[in-house]
Amino acid sequence: MDGPSWLGAVLFLGVQLRALWLAAAVEVHTSKEVDAVNGTNLRLKCTFSSSSPISQHLSVTWNFQPEDLSSHEPVFYYLKEPYKLSAGRFKERVTWDGNIERHDVSIVIWNLQPTDNGTFTCQVKNPPDVDGTIGEVRLRVVQKVHFSEIHFLAVAIGSACVLMIIVVIVVIICRHHWKKAQEKRTEVADTEL
């Protein structure tokens, strides 16, 4: 094989191998941002997809970076079974809420605090798929719930239901009075005859 065609074959093979490597990567999916009320519990949802079957060596790593961008802190680890932290701000505050067979690697954080503001990362390794995306969720702990579209929708639906109940009651009362008036007219007509 001469130089240029040999080099072209190697480059072509490299591109093909890179495409295969990208196709074999683990993809992790999370919400981008989540707001939660101080003192409540929150399920941080994380799901994944992998081109390989679920491995017995699948691992899940959750980390946290505070808003001040100080160093990452461990939150949770899973390898064959969930492992709880023995120290740190999330000790005794994080529980496993995932289901590996359903490609769900979610966790629950208990008793949220303003110091929990920051970015949580979810990384899944499913050998041989060990590379891929890392899910990031930015958490904002608020003192109270903001009026959102969901609240507006709930108020609108509730108001519509109350209005329908009032209309039904008014119709029933009107029909009842109309029936009574009709009976009186019939009674008066019968007594005149």
# chains A, B, ... in the order shown; residues from 1 in each chain; ligands from 1
call {"tool": "residues_around", "arguments": {"residues": "range 33-38 of chain A", "least_positions_apart": "2", "cutoff": "9 Å", "atoms": "only C-alpha atoms", "output": "list in words"}}
result
Thr30, Ser31, Thr40, Asn41, Leu42, Leu44, Asn111, Leu112, Gln113, Pro114, Thr119, Glu136, Val137, Arg138, Leu139, Arg140, Val141, Val142, Gln143, Lys144 and Val145 of chain A
call {"tool": "residues_around", "arguments": {"residues": "Lys45 in chain A", "least_positions_apart": "5", "cutoff": "9 Å", "atoms": "only C-alpha atoms", "output": "VMD selection string"}}
result
chain A and resid 29 to 31 97 to 98 104 to 108
call {"tool": "closest_residue", "arguments": {"among": "A:Ile172, A:Leu69, A:Ala189, A:Ala25", "to": "Gly118 in chain A", "atoms": "only C-alpha atoms"}}
result
A:Leu69
call {"tool": "closest_residue", "arguments": {"among": "A:Tyr78, A:Trp110, A:Phe120, A:Phe48", "to": "Lys91 in chain A", "atoms": "only C-alpha atoms"}}
result
A:Trp110
call {"tool": "select_by_dssp", "arguments": {"residues": "range 30-131 of chain A", "states": "helix (DSSP H, G or I)", "output": "JSON, numbers by chain"}}
result
{"A": [100, 101, 102, 114, 115, 116]}
call {"tool": "atom_distance", "arguments": {"atom1": "CA of Gln56 in chain A", "atom2": "CA of Val26 in chain A"}}
result
15.2 Å
